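Data first, discussion second: the structure below is written as C-alpha cells.
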Amino acid sequence: MNSLDQVRRLFDISIYQRDRYDLDTALAHRARGEWESISSRQYVERIDRAARALVAAGIEKGDRVGIISSNRIEWCVLDQAITKAGAITVPVYPTLSKEDMQYIFEHSAMRLCFVASKNLYAKVENIRHLVNTLEGIYVLDPSGDLPTLEDFLHEGDNPALQETVDRRAAEADENDVATLIYTSGTTGKPKGVLLSHKNILSNDKICIPRITEIERKHALSFLPMSHIYERTVNYCYQLLGCSIFFAKSTDTIATDALHARPYIMMVVPRVVERLYAKISAKGEALKGWRKDIFDWAVRLGMRYRPYENSLGYRIKLAVARRLVFDKWRAALGGELRIMISGSASLDARLCRLFCAAGIVLNEGYGLTETSPIVSTNVYPNRGLRIGSIGRPLENLDVRIGEDGEILVKGPSVMLGYYKEPELTAEAFDQDGYLHTGDIGHLEDGFLYITDRKKELFKTSGGKYITPQPIENALMQSRYIDQAMVVGNGKEHPSVILEPDFGELALWCEQRGIPTGDRTAMTSDEQVLALYKSLVHEVNKNLSNWERLRHFRLVADQWTTEGGELTPTLKIKRRRLTEKYAGLIADIYQEDLLENERKN
C-alpha cells in the first residue's frame, strides 16, 4: 500500500507506513524508566495479533471497546486493532471522576476495557457491577494476579483467526463509526461524538500537504491521545513516516525531548506558558551582562513579524538566536522547529517570541465534532498570521453566521452525538452547517476567534467580558498557575488565582516567609502585594470595563483528577464556580459594603 488514496480506514495507516517507510522506530515510550520501541513491521504484526484476540473474545462489528491509558505504544496498537476487528474505540481519560467514568461505560455499553495500571483497574472494578455489558478488564502492564493485556493477546496467537480479521477489514467501510469520543467539556455531562474513518482521515489527508516538511522526522507526543487533537495528529505523523516518541507526562517534556530530539510537537497554551515561565525564571536569575543580553533578546523577539522583518532586524535576530534562543531549542532536544497549539486561545506575544527563537509556534482551531482541525497557521506560503487561528482547511466550508458564530460544513464533521438525536439536530442548522459555539470573523482568508460564545458573560452595566484572554495574560507570570475570571451579572470582573506554589515558595523563602502552610502563605501581606502588582500589570492593557477590581488566592491546586481542569488543562468553569461560590459571594459582598460606605 503506497498510495495515500488507499488509506480509507484507520487500520490502513500502519500498513501504509510499513510499505512506504518501513521505519526501525515507528513508536517509542518509556517503560519502567527505559525507552522501548517497535518498528513499522512489528506495529502491523501487533495490530493483527490484537485484532485476532478481539475476535477470539467474541467482539463483533460495532461493539464498543475502551482504552484508559496515557500515551504509549499499546494505545496505538489497540486503537487500530479494535477498528480492524470491526469494533469502535472508546477512549476514556484516566483522570475522570468515578461518576463520569460510570456514565461513559453505561452510555456506550462498553464490552471490554484496557487500562494502564493497577490503580485504574481498581477504579473500573469499582463500577463494574453497575455496567452489565462489561465483560473484561485488562491491565497493560504486568500486574500480579490481575488479568493483563498479554494474557488477552495469547488468544490471538491462533493463526486461523486471521481469516476472520481480514474479512472484517475488507468489509469495513470508510463511513463506519471508528470511534466514540466523550467530550470532556467545561460544563455539563459528556456527550458522545461519533466519528467515522472518513471523518478523521479526511482531516489528516488535507493537513498533510501543509506539514510535509516533517516527513521522516521525530515527533514528541504528550497531550492525551484520548483527545481527538493529539490522536488525529498522531495519525498524520504515522502517515508521514515520523518516529513518534511518547513522553511520560507533561511534566517530563524537557527530559523526554532530550532523548527524542523532536522536530515537531503539539501543545496547548498552558504548556507553552509553563515552558516560557521556566525560561523566564532562568533569565531573571542571570546577573550583569548575561541578564542584559537575555532581556534584549526577549524584547527583540516580541517585535517579530513573519515575512516582514527588515534586514537590520534579521541580523540582530541571528545574534539573539546564537546567544540566547539556541539554548532554548537545545533544552528541548536541539531539533525542534514546529509547535502547533490548539484547545484554547494563545497569547500572541508568546507566538512572536517562540517564532523569533526559531520554533514556529502555529495556532490552530477545531472541535471534537470536526475531527478536529478546522483551521491552522503554517509558515510556508505566507500561511502564518499571528493573532489568527489560520486559514480554514481547503475541504471545509467555513462561514460566519448572522450573529458572528463560526459555522462549519465538510467531510470531517461528525456523524452526530451517540443516542442524542435532539442534541444532534440542535448542533446543525437547516443547511447542514455545524454551529461551533465560537464567535469569529474571516479576514483575508484567515479565521479569527473574537469570543467564546459559551464563556462570554455580561456585567451588570451591559458590557461583555471575554475571560480567556485576560486569564492567559495573567498566566504569563510564573507565579500564577491558573486563573478564573468571574463577574457574570456583577458591576465588574474579578479573578480567582491558583498560585504556582513551587515558584511562590522560592519567592517566599528568599524573604523569610514560612512556606509550610499554604493557607498562611497565600494570606501573607507580602504575597498579597506581589499578586496585586501582577494583576495591576495586566489591568494596564485592559479596557476600563475589563479591569479586574479584586482578586483572591486559593490554597488548593486545580487538577484533572479533582475535576477542576479538563485533560487539556482548561479550567472547568461550572465546577470551579460551584466550588468557590462562597469566595465569589465574599468578593461582591465587599463591593456592596464599599458602596454603602460611599453613600
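Labeling convention for the C-alpha cells: chains A, B, ... as they appear, residues from 1 per chain, ligands from 1 in order of appearance.
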Using only C-alpha atoms, find each residue of stretch 168-207 of chain A with at least one atom at most 7 Å away from an atom of stretch 7-26 of chain A; report its shortest atom-to-atom pair and that distance in Å (one decimal), sort the rows by chain and rising residue number, and return the result as JSON lines.
```
{"residue": "A:Glu174", "atom": "CA", "partner": "A:Arg9", "partner_atom": "CA", "distance": 5.6}
{"residue": "A:His197", "atom": "CA", "partner": "A:Arg9", "partner_atom": "CA", "distance": 5.1}
{"residue": "A:Lys198", "atom": "CA", "partner": "A:Arg8", "partner_atom": "CA", "distance": 6.7}
```
- Task: From the DSSP assignment of the backbone, select every residue of stretch 103-351 of chain A that is strand (DSSP E), and format the answer as a PyMOL selection string.
- Result: chain A and resi 112-115+136-139+177-182+192-196+218-221+243-246+264-267+338-341
Now that the selection is made, can you save its residues with C-alpha atoms as a PDB file, in the first residue's frame?
```
ATOM      1  CA  LEU A 112     -14.112  -4.719  27.070  1.00  0.00           C
ATOM      2  CA  CYS A 113     -11.729  -2.229  28.615  1.00  0.00           C
ATOM      3  CA  PHE A 114      -7.931  -1.966  28.603  1.00  0.00           C
ATOM      4  CA  VAL A 115      -6.381   0.062  31.435  1.00  0.00           C
ATOM      5  CA  GLY A 136     -13.465  -7.947  30.861  1.00  0.00           C
ATOM      6  CA  ILE A 137     -10.814  -5.541  32.156  1.00  0.00           C
ATOM      7  CA  TYR A 138      -7.161  -5.997  31.211  1.00  0.00           C
ATOM      8  CA  VAL A 139      -4.086  -4.194  32.521  1.00  0.00           C
ATOM      9  CA  VAL A 177     -18.050   4.595  13.014  1.00  0.00           C
ATOM     10  CA  ALA A 178     -14.397   4.299  14.057  1.00  0.00           C
ATOM     11  CA  THR A 179     -14.519   5.935  17.450  1.00  0.00           C
ATOM     12  CA  LEU A 180     -16.912   7.223  20.078  1.00  0.00           C
ATOM     13  CA  ILE A 181     -15.338  10.138  21.940  1.00  0.00           C
ATOM     14  CA  TYR A 182     -16.901  11.656  25.016  1.00  0.00           C
ATOM     15  CA  GLY A 192     -20.545  11.019  22.870  1.00  0.00           C
ATOM     16  CA  VAL A 193     -19.245  12.210  19.495  1.00  0.00           C
ATOM     17  CA  LEU A 194     -19.459   9.663  16.670  1.00  0.00           C
ATOM     18  CA  LEU A 195     -16.594   9.930  14.185  1.00  0.00           C
ATOM     19  CA  SER A 196     -16.158   7.742  11.132  1.00  0.00           C
ATOM     20  CA  HIS A 218      10.873  12.771  15.068  1.00  0.00           C
ATOM     21  CA  ALA A 219       7.721  13.834  16.928  1.00  0.00           C
ATOM     22  CA  LEU A 220       7.174  14.112  20.679  1.00  0.00           C
ATOM     23  CA  SER A 221       3.655  13.265  21.862  1.00  0.00           C
ATOM     24  CA  SER A 243       9.100   8.296  14.554  1.00  0.00           C
ATOM     25  CA  ILE A 244       6.775   9.066  17.472  1.00  0.00           C
ATOM     26  CA  PHE A 245       8.156   9.265  20.999  1.00  0.00           C
ATOM     27  CA  PHE A 246       5.589   9.304  23.802  1.00  0.00           C
ATOM     28  CA  ILE A 264       7.507  18.829  15.984  1.00  0.00           C
ATOM     29  CA  MET A 265       5.110  18.567  18.906  1.00  0.00           C
ATOM     30  CA  MET A 266       1.526  19.525  19.621  1.00  0.00           C
ATOM     31  CA  VAL A 267       0.923  21.820  22.582  1.00  0.00           C
ATOM     32  CA  ILE A 338       7.367  23.418  14.942  1.00  0.00           C
ATOM     33  CA  MET A 339       4.832  23.596  17.763  1.00  0.00           C
ATOM     34  CA  ILE A 340       1.135  23.694  16.924  1.00  0.00           C
ATOM     35  CA  SER A 341      -1.153  24.986  19.654  1.00  0.00           C
TER      36      SER A 341
END
```
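Across the structure, atom CA of A:Ala483 and atom CA of A:Ala285 are spaced 25.2 Å apart.
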- Query: DSSP says alpha helix (DSSP H) for which residues of stretch 100-308 of chain A? Put them as a ChimeraX atom specification?
  - Reply: /A:100-108,118-128,149-154,162-171,197-207,228-239,253-260,269-285,288-301
Can you write out the residues you just picked, keeping C-alpha atoms, as a tab-separated table (two decimals), in the first residue's frame?
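The file below, selection_30.tsv, is the result:
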```tsv
chain	number	residue	atom	x	y	z
A	100	ASP	CA	-18.25	10.35	34.67
A	101	MET	CA	-16.47	7.06	34.05
A	102	GLN	CA	-19.57	5.11	35.05
A	103	TYR	CA	-21.71	7.29	32.79
A	104	ILE	CA	-19.45	6.64	29.78
A	105	PHE	CA	-19.28	2.89	30.40
A	106	GLU	CA	-23.06	2.61	30.72
A	107	HIS	CA	-23.91	5.03	27.93
A	108	SER	CA	-21.54	3.38	25.45
A	118	LYS	CA	-3.48	-1.47	38.86
A	119	ASN	CA	-4.98	1.77	40.15
A	120	LEU	CA	-7.08	2.22	37.03
A	121	TYR	CA	-8.11	-1.44	37.19
A	122	ALA	CA	-9.37	-0.84	40.73
A	123	LYS	CA	-11.19	2.30	39.58
A	124	VAL	CA	-13.02	0.39	36.83
A	125	GLU	CA	-13.58	-2.69	39.01
A	126	ASN	CA	-15.32	-0.37	41.45
A	127	ILE	CA	-18.07	0.36	38.93
A	128	ARG	CA	-18.10	-2.99	37.15
A	149	LEU	CA	-3.04	-7.37	28.09
A	150	GLU	CA	-0.53	-10.15	27.42
A	151	ASP	CA	-2.98	-12.71	28.85
A	152	PHE	CA	-5.60	-11.37	26.48
A	153	LEU	CA	-3.24	-11.36	23.48
A	154	HIS	CA	-2.37	-15.05	23.92
A	162	GLN	CA	-6.61	-14.08	10.80
A	163	GLU	CA	-9.09	-15.05	8.09
A	164	THR	CA	-11.91	-13.51	10.15
A	165	VAL	CA	-9.84	-10.38	10.82
A	166	ASP	CA	-9.04	-9.97	7.12
A	167	ARG	CA	-12.68	-10.49	6.17
A	168	ARG	CA	-13.88	-7.85	8.62
A	169	ALA	CA	-11.17	-5.47	7.44
A	170	ALA	CA	-12.24	-5.97	3.82
A	171	GLU	CA	-15.89	-5.38	4.71
A	197	HIS	CA	-12.94	6.58	9.49
A	198	LYS	CA	-13.62	9.11	6.73
A	199	ASN	CA	-14.20	11.96	9.19
A	200	ILE	CA	-10.75	11.53	10.72
A	201	LEU	CA	-8.79	10.56	7.60
A	202	SER	CA	-10.25	13.42	5.54
A	203	ASN	CA	-8.87	15.72	8.23
A	204	ASP	CA	-5.45	14.02	8.12
A	205	LYS	CA	-5.15	13.93	4.35
A	206	ILE	CA	-5.95	17.62	3.90
A	207	CYS	CA	-3.49	18.59	6.65
A	228	ILE	CA	-9.02	13.81	19.22
A	229	TYR	CA	-6.49	16.63	18.66
A	230	GLU	CA	-3.40	14.63	19.62
A	231	ARG	CA	-4.84	11.43	18.17
A	232	THR	CA	-5.58	12.84	14.70
A	233	VAL	CA	-2.16	14.48	14.55
A	234	ASN	CA	-0.56	11.17	15.58
A	235	TYR	CA	-2.19	9.58	12.55
A	236	CYS	CA	-0.63	12.37	10.46
A	237	TYR	CA	2.78	11.60	11.95
A	238	GLN	CA	2.37	7.93	11.08
A	239	LEU	CA	1.30	8.72	7.51
A	253	ILE	CA	8.59	17.12	28.30
A	254	ALA	CA	12.09	18.61	28.59
A	255	THR	CA	13.68	15.37	29.82
A	256	ASP	CA	11.98	13.22	27.19
A	257	ALA	CA	12.75	15.73	24.42
A	258	LEU	CA	16.47	15.37	25.07
A	259	HIS	CA	16.17	11.70	24.09
A	260	ALA	CA	13.55	12.05	21.36
A	269	PRO	CA	-1.42	27.23	25.63
A	270	ARG	CA	-0.89	26.18	29.24
A	271	VAL	CA	2.10	24.03	28.24
A	272	VAL	CA	3.61	26.93	26.27
A	273	GLU	CA	3.04	29.28	29.20
A	274	ARG	CA	4.75	26.87	31.57
A	275	LEU	CA	7.70	26.44	29.21
A	276	TYR	CA	8.08	30.19	28.94
A	277	ALA	CA	7.70	30.66	32.71
A	278	LYS	CA	10.62	28.28	33.28
A	279	ILE	CA	12.70	30.04	30.65
A	280	SER	CA	11.80	33.44	32.14
A	281	ALA	CA	12.75	32.28	35.64
A	282	LYS	CA	16.19	31.23	34.41
A	283	GLY	CA	16.57	34.59	32.68
A	284	GLU	CA	15.67	36.52	35.81
A	285	ALA	CA	18.26	34.54	37.78
A	288	GLY	CA	25.07	41.52	34.91
A	289	TRP	CA	25.66	41.48	31.16
A	290	ARG	CA	24.19	37.99	30.76
A	291	LYS	CA	20.82	39.20	32.05
A	292	ASP	CA	21.05	42.31	29.84
A	293	ILE	CA	21.57	40.10	26.77
A	294	PHE	CA	18.70	37.79	27.76
A	295	ASP	CA	16.32	40.73	28.27
A	296	TRP	CA	17.43	42.30	24.96
A	297	ALA	CA	16.77	39.03	23.10
A	298	VAL	CA	13.28	38.72	24.61
A	299	ARG	CA	12.42	42.34	23.74
A	300	LEU	CA	13.67	41.73	20.20
A	301	GLY	CA	11.62	38.55	19.94
```
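Atom CA of A:His550 sits 14.5 Å away from atom CA of A:Pro467.
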- So how many Å separate atom CA of A:Tyr464 and atom CA of A:Arg547, to one decimal? 12.1 Å
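Within 12 Å of A:Lys463, once only C-alpha atoms are used and residues closer than 6 positions along the same chain are dropped, the contacting residues are Leu456, Phe457, Gly487, Asn488, Gly489, Lys490, Glu491, His492, Pro493, Ser543, Asn544, Trp545, Glu546 and Arg547 of chain A.
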Using all heavy atoms, can you export the residues from the last selection as a JSON list (two decimals), in the first residue's frame?
```json
[["chain", "number", "residue", "atom", "x", "y", "z"],
["A", 456, "LEU", "N", -18.50, 33.68, 27.29],
["A", 456, "LEU", "CA", -18.76, 35.11, 27.34],
["A", 456, "LEU", "C", -19.77, 35.42, 28.45],
["A", 456, "LEU", "O", -20.74, 34.70, 28.63],
["A", 456, "LEU", "CB", -19.35, 35.53, 25.99],
["A", 456, "LEU", "CG", -19.35, 36.99, 25.58],
["A", 456, "LEU", "CD1", -17.93, 37.47, 25.33],
["A", 456, "LEU", "CD2", -20.18, 37.15, 24.30],
["A", 457, "PHE", "N", -19.51, 36.49, 29.22],
["A", 457, "PHE", "CA", -20.53, 36.91, 30.18],
["A", 457, "PHE", "C", -20.65, 38.43, 30.18],
["A", 457, "PHE", "O", -19.80, 39.15, 29.65],
["A", 457, "PHE", "CB", -20.26, 36.35, 31.59],
["A", 457, "PHE", "CG", -19.03, 36.89, 32.29],
["A", 457, "PHE", "CD1", -19.05, 38.12, 32.92],
["A", 457, "PHE", "CD2", -17.87, 36.12, 32.35],
["A", 457, "PHE", "CE1", -17.93, 38.60, 33.59],
["A", 457, "PHE", "CE2", -16.74, 36.59, 33.01],
["A", 457, "PHE", "CZ", -16.77, 37.84, 33.64],
["A", 487, "GLY", "N", -17.65, 37.28, 37.43],
["A", 487, "GLY", "CA", -18.34, 38.57, 37.45],
["A", 487, "GLY", "C", -19.58, 38.65, 36.61],
["A", 487, "GLY", "O", -20.06, 39.74, 36.29],
["A", 488, "ASN", "N", -20.13, 37.50, 36.23],
["A", 488, "ASN", "CA", -21.35, 37.49, 35.42],
["A", 488, "ASN", "C", -22.48, 38.19, 36.18],
["A", 488, "ASN", "O", -22.83, 37.81, 37.30],
["A", 488, "ASN", "CB", -21.75, 36.05, 35.10],
["A", 488, "ASN", "CG", -22.92, 35.99, 34.15],
["A", 488, "ASN", "OD1", -23.16, 36.91, 33.38],
["A", 488, "ASN", "ND2", -23.68, 34.90, 34.21],
["A", 489, "GLY", "N", -23.03, 39.24, 35.58],
["A", 489, "GLY", "CA", -24.12, 39.98, 36.20],
["A", 489, "GLY", "C", -23.69, 40.94, 37.30],
["A", 489, "GLY", "O", -24.53, 41.59, 37.92],
["A", 490, "LYS", "N", -22.39, 41.03, 37.53],
["A", 490, "LYS", "CA", -21.88, 41.93, 38.57],
["A", 490, "LYS", "C", -21.41, 43.24, 37.94],
["A", 490, "LYS", "O", -21.33, 43.39, 36.72],
["A", 490, "LYS", "CB", -20.74, 41.27, 39.33],
["A", 490, "LYS", "CG", -21.08, 39.91, 39.92],
["A", 490, "LYS", "CD", -22.21, 39.99, 40.93],
["A", 490, "LYS", "CE", -22.52, 38.63, 41.55],
["A", 490, "LYS", "NZ", -23.65, 38.67, 42.49],
["A", 491, "GLU", "N", -21.05, 44.17, 38.81],
["A", 491, "GLU", "CA", -20.67, 45.50, 38.32],
["A", 491, "GLU", "C", -19.36, 45.47, 37.54],
["A", 491, "GLU", "O", -19.14, 46.25, 36.62],
["A", 491, "GLU", "CB", -20.54, 46.46, 39.52],
["A", 491, "GLU", "CG", -20.33, 47.91, 39.12],
["A", 491, "GLU", "CD", -20.28, 48.82, 40.32],
["A", 491, "GLU", "OE1", -20.71, 48.40, 41.42],
["A", 491, "GLU", "OE2", -19.81, 49.96, 40.17],
["A", 492, "HIS", "N", -18.48, 44.56, 37.88],
["A", 492, "HIS", "CA", -17.15, 44.50, 37.27],
["A", 492, "HIS", "C", -16.60, 43.08, 37.43],
["A", 492, "HIS", "O", -17.06, 42.31, 38.28],
["A", 492, "HIS", "CB", -16.20, 45.49, 37.95],
["A", 492, "HIS", "CG", -16.15, 45.28, 39.42],
["A", 492, "HIS", "ND1", -15.44, 44.26, 40.00],
["A", 492, "HIS", "CD2", -16.76, 45.94, 40.44],
["A", 492, "HIS", "CE1", -15.61, 44.29, 41.31],
["A", 492, "HIS", "NE2", -16.42, 45.30, 41.61],
["A", 493, "PRO", "N", -15.58, 42.72, 36.64],
["A", 493, "PRO", "CA", -14.99, 41.39, 36.80],
["A", 493, "PRO", "C", -13.95, 41.36, 37.91],
["A", 493, "PRO", "O", -13.35, 42.38, 38.26],
["A", 493, "PRO", "CB", -14.33, 41.13, 35.45],
["A", 493, "PRO", "CG", -13.99, 42.49, 34.93],
["A", 493, "PRO", "CD", -15.06, 43.41, 35.45],
["A", 543, "SER", "N", -9.34, 47.30, 28.77],
["A", 543, "SER", "CA", -10.29, 48.41, 28.73],
["A", 543, "SER", "C", -10.87, 48.61, 30.13],
["A", 543, "SER", "O", -10.82, 47.71, 30.98],
["A", 543, "SER", "CB", -11.43, 48.10, 27.76],
["A", 543, "SER", "OG", -10.91, 47.87, 26.46],
["A", 544, "ASN", "N", -11.44, 49.76, 30.36],
["A", 544, "ASN", "CA", -11.95, 50.10, 31.70],
["A", 544, "ASN", "C", -12.89, 49.04, 32.25],
["A", 544, "ASN", "O", -12.79, 48.63, 33.41],
["A", 544, "ASN", "CB", -12.67, 51.46, 31.68],
["A", 544, "ASN", "CG", -11.68, 52.61, 31.58],
["A", 544, "ASN", "OD1", -10.52, 52.47, 31.95],
["A", 544, "ASN", "ND2", -12.14, 53.75, 31.07],
["A", 545, "TRP", "N", -13.84, 48.59, 31.42],
["A", 545, "TRP", "CA", -14.85, 47.65, 31.91],
["A", 545, "TRP", "C", -14.29, 46.23, 32.13],
["A", 545, "TRP", "O", -14.91, 45.42, 32.78],
["A", 545, "TRP", "CB", -16.05, 47.61, 30.97],
["A", 545, "TRP", "CG", -15.76, 47.01, 29.63],
["A", 545, "TRP", "CD1", -15.83, 45.68, 29.29],
["A", 545, "TRP", "CD2", -15.35, 47.70, 28.45],
["A", 545, "TRP", "NE1", -15.48, 45.50, 27.98],
["A", 545, "TRP", "CE2", -15.19, 46.73, 27.43],
["A", 545, "TRP", "CE3", -15.11, 49.05, 28.15],
["A", 545, "TRP", "CZ2", -14.79, 47.07, 26.14],
["A", 545, "TRP", "CZ3", -14.73, 49.37, 26.86],
["A", 545, "TRP", "CH2", -14.57, 48.39, 25.88],
["A", 546, "GLU", "N", -13.10, 45.97, 31.53],
["A", 546, "GLU", "CA", -12.50, 44.63, 31.68],
["A", 546, "GLU", "C", -11.59, 44.53, 32.91],
["A", 546, "GLU", "O", -11.24, 43.43, 33.32],
["A", 546, "GLU", "CB", -11.65, 44.30, 30.45],
["A", 546, "GLU", "CG", -12.40, 44.15, 29.16],
["A", 546, "GLU", "CD", -11.45, 43.90, 28.01],
["A", 546, "GLU", "OE1", -10.54, 44.73, 27.79],
["A", 546, "GLU", "OE2", -11.60, 42.87, 27.34],
["A", 547, "ARG", "N", -11.22, 45.66, 33.47],
["A", 547, "ARG", "CA", -10.22, 45.64, 34.53],
["A", 547, "ARG", "C", -10.71, 44.92, 35.77],
["A", 547, "ARG", "O", -11.85, 45.07, 36.19],
["A", 547, "ARG", "CB", -9.79, 47.08, 34.87],
["A", 547, "ARG", "CG", -8.92, 47.67, 33.78],
["A", 547, "ARG", "CD", -8.53, 49.10, 34.02],
["A", 547, "ARG", "NE", -7.80, 49.60, 32.87],
["A", 547, "ARG", "CZ", -7.66, 50.86, 32.54],
["A", 547, "ARG", "NH1", -8.21, 51.79, 33.32],
["A", 547, "ARG", "NH2", -6.97, 51.20, 31.48]]
```
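Proximity to A:Glu394 was assessed for A:Thr376, A:Gly156, A:Ser345, A:Arg305 counting only C-alpha atoms; the smallest distance is recorded for A:Thr376.
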Excluding A:Leu54 and its own-chain neighbours fewer than 6 positions away, which residues fall within 10 Å of it when counting only C-alpha atoms? Please give them as an mmCIF file with C-alpha atoms, in the first residue's frame.
```cif
data_model
loop_
_atom_site.group_PDB
_atom_site.id
_atom_site.type_symbol
_atom_site.label_atom_id
_atom_site.label_comp_id
_atom_site.auth_asym_id
_atom_site.auth_seq_id
_atom_site.Cartn_x
_atom_site.Cartn_y
_atom_site.Cartn_z
ATOM 1 C CA ASP A 48 -3.106 -8.197 13.750
ATOM 2 C CA GLU A 60 -18.448 -8.198 16.926
ATOM 3 C CA VAL A 65 -14.049 -1.284 23.435
ATOM 4 C CA LEU A 78 -5.155 -1.420 20.395
ATOM 5 C CA ALA A 81 -6.756 -3.422 16.202
ATOM 6 C CA ILE A 82 -10.191 -2.517 17.581
ATOM 7 C CA LYS A 84 -9.690 -3.750 12.262
ATOM 8 C CA ALA A 85 -11.856 -6.217 14.200
ATOM 9 C CA GLY A 86 -14.860 -4.083 13.230
ATOM 10 C CA ALA A 87 -15.407 -2.573 16.674
ATOM 11 C CA LEU A 112 -14.112 -4.719 27.070
ATOM 12 C CA PHE A 152 -5.603 -11.374 26.483
ATOM 13 C CA LEU A 153 -3.235 -11.364 23.481
ATOM 14 C CA GLU A 155 -5.789 -15.777 22.439
ATOM 15 C CA GLY A 156 -4.612 -14.014 19.291
ATOM 16 C CA LEU A 161 -8.419 -16.303 13.304
ATOM 17 C CA VAL A 165 -9.844 -10.383 10.823
#
```
- Near-stretch 562-570 of chain A list (9 Å; only C-alpha atoms; drop same-chain fewer than 6 positions) as number ranges by chain: A: 93, 95-97, 184-186, 223-224, 226-227, 268-271, 343-344, 482, 576
- Query: Of the residues A:Gly333, A:Gly582, A:Pro306, A:Gly502, which is the one nearest to A:Cys351, using only C-alpha atoms?
  - Reply: A:Pro306
